[in-house]
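These notes concern the structure reproduced below.
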Amino acid sequence: MDAFNMIVQTLDSTIRLSVPLLLACLAGLYSERAGVFDIGLEGKMLVGAFAGAAAASVFHSALLGLGMAIIMSVAFALVHGFASITHRGNQIVSGVAINFVAAGSTIILGQAWFQQGGRTPALQPGERFEAITWPGAEAIRGVPIIGPIYAELLSGHSILVYLAFVMVPFTWWVLFRTRFGLRLRAVGENPAAVDTAGISVAWLRYRALICTGVLTGIAGAYLSMVQNGGFVKDMTAGKGYIALAALIFAKWKPVNAMFACLLFGFLDALSIRLQGTPLPIVGKVSVQLMQALPYVLTVILLAGFIGKAIPPRAGGVPYVKER
C-alpha cells in the first residue's frame, strides 16, 4: 500500500507541475498554428507571474491578480505581434527580446515597488487560489485504492489546474470545429489563399497572439499565485522553452500536447522524489543529474530523435501581400 500511495503522490505532483507547461504549450499552439513562431512564451509567463502576484498583493484579490496577469501577458503578445506581423520583423529576435525585457523589468519593478530583492510579498489567503476539496474526499480518504485516487489525485487542486485540462478539449474544438479555427490553421499553412478570400491575415494572427497572451498569463499566475505563493526572480526557470519543446513533440495537436506536458511533469516530479535516493545497480544519483532530466529530454526532442515534426508551412515567415 505504501508503494501505491507513493505512485499516487508522484502522479499528483505530475499534474501540478505539468499545468504551467500545458497552458504555455496550448498558448504556443494558437500562435504557431497561425504562422507566428513564439519563442517569447517564457517572457510572457514571467510577466504574468509578476503582474499577478503584484496585483494580488496590492489589491488583496486573487481574481484581480489573475486579470492583471492576463492583461500584461496580452500586452507583451501584442508587442510581439506589432514587431513581427505589422512590421514583418524576425519572429525569433522579437521573441528573444521579449524574454530579455521580461526578465529584467520584473526584477527592477519588483525591487522598486516592494524592496525585497525583486520578490513580491508572500501572498496571504484570499490573495492566491486555494485548493478545492471535492465532496466526500475526506470521508473516503482511508478507503483502499479509491480513497487516495479521489482524495489526492482528483481532489485538492486549485481552479486553475482544472481550467488547464478543460482547455485541452476546448482548444481542440476551437481549432478543428469552428470557423475561426479553420481560418487560423489556413493562415498558418497558406496565408496568400486566406488573403485572396478577403480575410485579413494580420487580424487573424493578432487574434491568435491574444489567445496566446491569455493562456501564458494564466500559466504565469499559476506559478506565482498557486504553486509558489509569490513572485521570485526568474521563477519560470525555462518552462516556456520546455513548453515549446513539448509543442514540437506533440506535432502541434492539443491532445498530444497534454500528454507531452504530462511526460515532462512526470520527469520533473520523479527527479524531485528520487533526489538523494539510492537506486538499484546505479546507486545514489546526484541531485543535479535528476534535476537535469526534463532538460535532457527537451534536448533529445528538439534534436529530432523521437519522430520528425513538420511545423505549419508559413510558420516564422512574415506575410507580404502581393500587389
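Starting from 1 in every chain, residues are counted up; chains themselves are A, B, ... following the order of the C-alpha cells, and ligands are numbered from 1 as listed.
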
Write out as a ChimeraX atom specification which residues come within 12 Å of Ala55 of chain A when counting only C-alpha atoms, dropping same-chain ones fewer than 4 positions away.
/A:47-51,59-72,110,113-114,120-121,123,127-128,221,224-225,230-231

With C-alpha atoms retained, could you export that selection as an mmCIF file, in the first residue's frame?
```cif
data_model
loop_
_atom_site.group_PDB
_atom_site.id
_atom_site.type_symbol
_atom_site.label_atom_id
_atom_site.label_comp_id
_atom_site.auth_asym_id
_atom_site.auth_seq_id
_atom_site.Cartn_x
_atom_site.Cartn_y
_atom_site.Cartn_z
ATOM 1 C CA VAL A 47 5.435 38.902 -16.833
ATOM 2 C CA GLY A 48 2.134 37.216 -15.988
ATOM 3 C CA ALA A 49 3.618 35.701 -12.826
ATOM 4 C CA PHE A 50 4.947 39.060 -11.637
ATOM 5 C CA ALA A 51 1.855 41.079 -12.560
ATOM 6 C CA PHE A 59 -5.393 44.731 -4.059
ATOM 7 C CA HIS A 60 -5.745 41.614 -1.858
ATOM 8 C CA SER A 61 -7.687 39.762 -4.552
ATOM 9 C CA ALA A 62 -6.717 36.614 -6.431
ATOM 10 C CA LEU A 63 -9.154 37.394 -9.259
ATOM 11 C CA LEU A 64 -7.700 40.885 -9.764
ATOM 12 C CA GLY A 65 -4.245 39.329 -9.778
ATOM 13 C CA LEU A 66 -5.285 36.839 -12.449
ATOM 14 C CA GLY A 67 -6.847 39.612 -14.514
ATOM 15 C CA MET A 68 -3.695 41.730 -14.343
ATOM 16 C CA ALA A 69 -1.545 38.717 -15.275
ATOM 17 C CA ILE A 70 -3.655 38.163 -18.389
ATOM 18 C CA ILE A 71 -3.640 41.860 -19.332
ATOM 19 C CA MET A 72 0.143 42.180 -19.107
ATOM 20 C CA GLY A 110 9.806 44.246 -8.008
ATOM 21 C CA TRP A 113 7.849 48.601 -5.585
ATOM 22 C CA PHE A 114 8.409 46.097 -2.781
ATOM 23 C CA THR A 120 6.799 40.279 -4.149
ATOM 24 C CA PRO A 121 5.383 39.873 -0.620
ATOM 25 C CA LEU A 123 0.540 36.057 -0.719
ATOM 26 C CA GLU A 127 -4.686 36.672 -2.462
ATOM 27 C CA ARG A 128 -3.961 33.282 -4.016
ATOM 28 C CA ALA A 221 -0.475 33.405 -12.453
ATOM 29 C CA SER A 224 3.091 32.782 -8.528
ATOM 30 C CA MET A 225 -0.426 32.503 -7.095
ATOM 31 C CA GLY A 230 4.522 34.939 -4.504
ATOM 32 C CA PHE A 231 6.883 36.026 -7.270
#
```

Could you pull out the residues in segment 89-323 of chain A that DSSP calls alpha helix (DSSP H) from the backbone, as an MDAnalysis selection string?
chainID A and resid 91:114 146:148 159:177 179:189 191:196 201:222 239:249 254:273 287:291 293:302

Excluding Thr86 of chain A and residues on its chain fewer than 6 positions from it, collect all residues at most 12 Å away from it, counting only C-alpha atoms, and give them as a count of residues only.
13

Would you mind telling me which residue in A:Gln111, A:Asn99, A:Thr178, A:Gln227 lies nearest to Leu46 of chain A when using only C-alpha atoms?
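Of the candidates, the smallest distance to Leu46 of chain A is held by A:Asn99.
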
What lies within 10 Å of segment 155-171 of chain A using only C-alpha atoms, ignoring chain neighbours under 5 positions off, as a PDB file with N, CA and C atoms, in the first residue's frame?
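Ended up saving to out.pdb:
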```
ATOM      1  N   ASP A  12       0.159  12.929  -8.495  1.00  0.00           N
ATOM      2  CA  ASP A  12      -0.397  14.205  -8.045  1.00  0.00           C
ATOM      3  C   ASP A  12       0.593  15.343  -8.322  1.00  0.00           C
ATOM      4  N   ILE A  15       0.696  16.180 -12.076  1.00  0.00           N
ATOM      5  CA  ILE A  15      -0.383  17.063 -12.525  1.00  0.00           C
ATOM      6  C   ILE A  15      -0.064  18.506 -12.185  1.00  0.00           C
ATOM      7  N   ARG A  16       0.372  18.747 -10.955  1.00  0.00           N
ATOM      8  CA  ARG A  16       0.653  20.122 -10.514  1.00  0.00           C
ATOM      9  C   ARG A  16       1.789  20.748 -11.321  1.00  0.00           C
ATOM     10  N   LEU A  17       2.819  19.966 -11.583  1.00  0.00           N
ATOM     11  CA  LEU A  17       3.982  20.503 -12.287  1.00  0.00           C
ATOM     12  C   LEU A  17       3.752  20.649 -13.785  1.00  0.00           C
ATOM     13  N   SER A  18       2.804  19.902 -14.325  1.00  0.00           N
ATOM     14  CA  SER A  18       2.555  19.967 -15.768  1.00  0.00           C
ATOM     15  C   SER A  18       1.613  21.104 -16.156  1.00  0.00           C
ATOM     16  N   VAL A  19       0.894  21.685 -15.184  1.00  0.00           N
ATOM     17  CA  VAL A  19      -0.105  22.712 -15.510  1.00  0.00           C
ATOM     18  C   VAL A  19       0.498  23.931 -16.213  1.00  0.00           C
ATOM     19  N   PRO A  20       1.562  24.571 -15.677  1.00  0.00           N
ATOM     20  CA  PRO A  20       2.110  25.734 -16.412  1.00  0.00           C
ATOM     21  C   PRO A  20       2.659  25.350 -17.778  1.00  0.00           C
ATOM     22  N   LEU A  21       3.219  24.149 -17.899  1.00  0.00           N
ATOM     23  CA  LEU A  21       3.705  23.692 -19.203  1.00  0.00           C
ATOM     24  C   LEU A  21       2.551  23.521 -20.174  1.00  0.00           C
ATOM     25  N   LEU A  22       1.450  22.946 -19.697  1.00  0.00           N
ATOM     26  CA  LEU A  22       0.301  22.696 -20.565  1.00  0.00           C
ATOM     27  C   LEU A  22      -0.312  24.000 -21.052  1.00  0.00           C
ATOM     28  N   LEU A  23      -0.483  24.957 -20.148  1.00  0.00           N
ATOM     29  CA  LEU A  23      -1.065  26.242 -20.537  1.00  0.00           C
ATOM     30  C   LEU A  23      -0.168  26.971 -21.543  1.00  0.00           C
ATOM     31  N   ALA A  24       1.137  26.960 -21.288  1.00  0.00           N
ATOM     32  CA  ALA A  24       2.071  27.616 -22.213  1.00  0.00           C
ATOM     33  C   ALA A  24       2.131  26.882 -23.547  1.00  0.00           C
ATOM     34  N   LEU A  26      -0.332  25.121 -24.973  1.00  0.00           N
ATOM     35  CA  LEU A  26      -1.551  25.462 -25.714  1.00  0.00           C
ATOM     36  C   LEU A  26      -1.479  26.888 -26.243  1.00  0.00           C
ATOM     37  N   ALA A  27      -0.844  27.775 -25.462  1.00  0.00           N
ATOM     38  CA  ALA A  27      -0.673  29.160 -25.910  1.00  0.00           C
ATOM     39  C   ALA A  27       0.168  29.206 -27.185  1.00  0.00           C
ATOM     40  N   LEU A  29       0.490  26.837 -29.244  1.00  0.00           N
ATOM     41  CA  LEU A  29      -0.261  26.159 -30.296  1.00  0.00           C
ATOM     42  C   LEU A  29      -1.082  27.150 -31.118  1.00  0.00           C
ATOM     43  N   TYR A  30      -1.719  28.105 -30.440  1.00  0.00           N
ATOM     44  CA  TYR A  30      -2.531  29.100 -31.159  1.00  0.00           C
ATOM     45  C   TYR A  30      -1.664  29.958 -32.071  1.00  0.00           C
ATOM     46  N   ARG A 128      -4.412  34.378  -3.160  1.00  0.00           N
ATOM     47  CA  ARG A 128      -3.961  33.282  -4.016  1.00  0.00           C
ATOM     48  C   ARG A 128      -5.104  32.289  -4.176  1.00  0.00           C
ATOM     49  N   PHE A 129      -4.984  31.438  -5.177  1.00  0.00           N
ATOM     50  CA  PHE A 129      -6.039  30.461  -5.436  1.00  0.00           C
ATOM     51  C   PHE A 129      -5.814  29.228  -4.558  1.00  0.00           C
ATOM     52  N   GLU A 130      -6.804  28.957  -3.725  1.00  0.00           N
ATOM     53  CA  GLU A 130      -6.698  27.835  -2.794  1.00  0.00           C
ATOM     54  C   GLU A 130      -7.162  26.535  -3.446  1.00  0.00           C
ATOM     55  N   ALA A 131      -6.778  25.425  -2.813  1.00  0.00           N
ATOM     56  CA  ALA A 131      -7.175  24.105  -3.305  1.00  0.00           C
ATOM     57  C   ALA A 131      -8.666  23.889  -3.086  1.00  0.00           C
ATOM     58  N   ILE A 132      -9.293  23.195  -4.023  1.00  0.00           N
ATOM     59  CA  ILE A 132     -10.713  22.869  -3.940  1.00  0.00           C
ATOM     60  C   ILE A 132     -10.848  21.406  -3.526  1.00  0.00           C
ATOM     61  N   THR A 133     -11.549  21.184  -2.429  1.00  0.00           N
ATOM     62  CA  THR A 133     -11.771  19.820  -1.943  1.00  0.00           C
ATOM     63  C   THR A 133     -13.107  19.311  -2.459  1.00  0.00           C
ATOM     64  N   TRP A 134     -13.087  18.196  -3.141  1.00  0.00           N
ATOM     65  CA  TRP A 134     -14.317  17.635  -3.687  1.00  0.00           C
ATOM     66  C   TRP A 134     -15.190  17.049  -2.574  1.00  0.00           C
ATOM     67  N   PRO A 135     -16.501  16.992  -2.805  1.00  0.00           N
ATOM     68  CA  PRO A 135     -17.411  16.448  -1.780  1.00  0.00           C
ATOM     69  C   PRO A 135     -17.051  15.013  -1.392  1.00  0.00           C
ATOM     70  N   GLY A 136     -16.968  14.771  -0.094  1.00  0.00           N
ATOM     71  CA  GLY A 136     -16.705  13.421   0.402  1.00  0.00           C
ATOM     72  C   GLY A 136     -15.269  12.976   0.321  1.00  0.00           C
ATOM     73  N   ALA A 137     -14.347  13.886  -0.044  1.00  0.00           N
ATOM     74  CA  ALA A 137     -12.948  13.493  -0.208  1.00  0.00           C
ATOM     75  C   ALA A 137     -12.334  13.025   1.099  1.00  0.00           C
ATOM     76  N   GLU A 138     -12.596  13.751   2.173  1.00  0.00           N
ATOM     77  CA  GLU A 138     -12.026  13.377   3.464  1.00  0.00           C
ATOM     78  C   GLU A 138     -12.658  12.093   3.999  1.00  0.00           C
ATOM     79  N   PRO A 148      -7.342   7.202  -1.980  1.00  0.00           N
ATOM     80  CA  PRO A 148      -6.223   8.073  -2.367  1.00  0.00           C
ATOM     81  C   PRO A 148      -6.391   8.687  -3.755  1.00  0.00           C
ATOM     82  N   ILE A 149      -6.961   7.918  -4.700  1.00  0.00           N
ATOM     83  CA  ILE A 149      -7.146   8.454  -6.055  1.00  0.00           C
ATOM     84  C   ILE A 149      -8.120   9.629  -6.041  1.00  0.00           C
ATOM     85  N   TYR A 150      -9.236   9.466  -5.325  1.00  0.00           N
ATOM     86  CA  TYR A 150     -10.254  10.520  -5.301  1.00  0.00           C
ATOM     87  C   TYR A 150      -9.807  11.710  -4.455  1.00  0.00           C
ATOM     88  N   PHE A 176     -10.541  22.784 -34.628  1.00  0.00           N
ATOM     89  CA  PHE A 176     -11.000  21.819 -35.635  1.00  0.00           C
ATOM     90  C   PHE A 176     -12.510  21.792 -35.854  1.00  0.00           C
ATOM     91  N   ARG A 177     -13.256  22.599 -35.102  1.00  0.00           N
ATOM     92  CA  ARG A 177     -14.711  22.577 -35.269  1.00  0.00           C
ATOM     93  C   ARG A 177     -15.343  23.958 -35.401  1.00  0.00           C
ATOM     94  N   GLY A 181     -11.141  28.569 -36.080  1.00  0.00           N
ATOM     95  CA  GLY A 181     -10.058  27.599 -36.081  1.00  0.00           C
ATOM     96  C   GLY A 181      -9.642  27.196 -37.477  1.00  0.00           C
ATOM     97  N   LEU A 215      -3.482  32.696 -22.293  1.00  0.00           N
ATOM     98  CA  LEU A 215      -3.059  31.415 -21.705  1.00  0.00           C
ATOM     99  C   LEU A 215      -1.719  31.521 -20.984  1.00  0.00           C
ATOM    100  N   ILE A 218      -2.372  33.122 -17.622  1.00  0.00           N
ATOM    101  CA  ILE A 218      -2.894  32.167 -16.637  1.00  0.00           C
ATOM    102  C   ILE A 218      -1.774  31.258 -16.139  1.00  0.00           C
ATOM    103  N   ALA A 219      -0.890  30.838 -17.061  1.00  0.00           N
ATOM    104  CA  ALA A 219       0.240  29.992 -16.665  1.00  0.00           C
ATOM    105  C   ALA A 219       1.141  30.711 -15.667  1.00  0.00           C
ATOM    106  N   ALA A 221       0.274  33.235 -13.700  1.00  0.00           N
ATOM    107  CA  ALA A 221      -0.475  33.405 -12.453  1.00  0.00           C
ATOM    108  C   ALA A 221      -0.466  32.120 -11.638  1.00  0.00           C
ATOM    109  N   TYR A 222      -0.524  30.975 -12.315  1.00  0.00           N
ATOM    110  CA  TYR A 222      -0.476  29.695 -11.595  1.00  0.00           C
ATOM    111  C   TYR A 222       0.851  29.550 -10.839  1.00  0.00           C
ATOM    112  N   MET A 225       0.741  32.396  -7.966  1.00  0.00           N
ATOM    113  CA  MET A 225      -0.426  32.503  -7.095  1.00  0.00           C
ATOM    114  C   MET A 225      -0.986  31.155  -6.646  1.00  0.00           C
ATOM    115  N   VAL A 226      -0.393  30.083  -7.117  1.00  0.00           N
ATOM    116  CA  VAL A 226      -0.813  28.740  -6.689  1.00  0.00           C
ATOM    117  C   VAL A 226       0.399  27.940  -6.224  1.00  0.00           C
ATOM    118  N   GLN A 227       1.354  27.791  -7.117  1.00  0.00           N
ATOM    119  CA  GLN A 227       2.478  26.900  -6.844  1.00  0.00           C
ATOM    120  C   GLN A 227       3.460  27.491  -5.849  1.00  0.00           C
ATOM    121  N   LYS A 253      -0.654  19.456 -31.896  1.00  0.00           N
ATOM    122  CA  LYS A 253      -2.004  18.927 -31.673  1.00  0.00           C
ATOM    123  C   LYS A 253      -2.329  19.013 -30.185  1.00  0.00           C
ATOM    124  N   PRO A 254      -3.543  19.481 -29.820  1.00  0.00           N
ATOM    125  CA  PRO A 254      -3.864  19.752 -28.411  1.00  0.00           C
ATOM    126  C   PRO A 254      -3.765  18.537 -27.494  1.00  0.00           C
ATOM    127  N   VAL A 255      -4.368  17.406 -27.890  1.00  0.00           N
ATOM    128  CA  VAL A 255      -4.361  16.231 -27.017  1.00  0.00           C
ATOM    129  C   VAL A 255      -2.942  15.687 -26.864  1.00  0.00           C
ATOM    130  N   ASN A 256      -2.203  15.641 -27.959  1.00  0.00           N
ATOM    131  CA  ASN A 256      -0.799  15.216 -27.879  1.00  0.00           C
ATOM    132  C   ASN A 256       0.000  16.151 -26.983  1.00  0.00           C
ATOM    133  N   ALA A 257      -0.331  17.427 -27.026  1.00  0.00           N
ATOM    134  CA  ALA A 257       0.364  18.412 -26.187  1.00  0.00           C
ATOM    135  C   ALA A 257       0.136  18.115 -24.707  1.00  0.00           C
ATOM    136  N   MET A 258      -1.088  17.722 -24.363  1.00  0.00           N
ATOM    137  CA  MET A 258      -1.380  17.395 -22.959  1.00  0.00           C
ATOM    138  C   MET A 258      -0.513  16.240 -22.483  1.00  0.00           C
TER     139      MET A 258
END
```
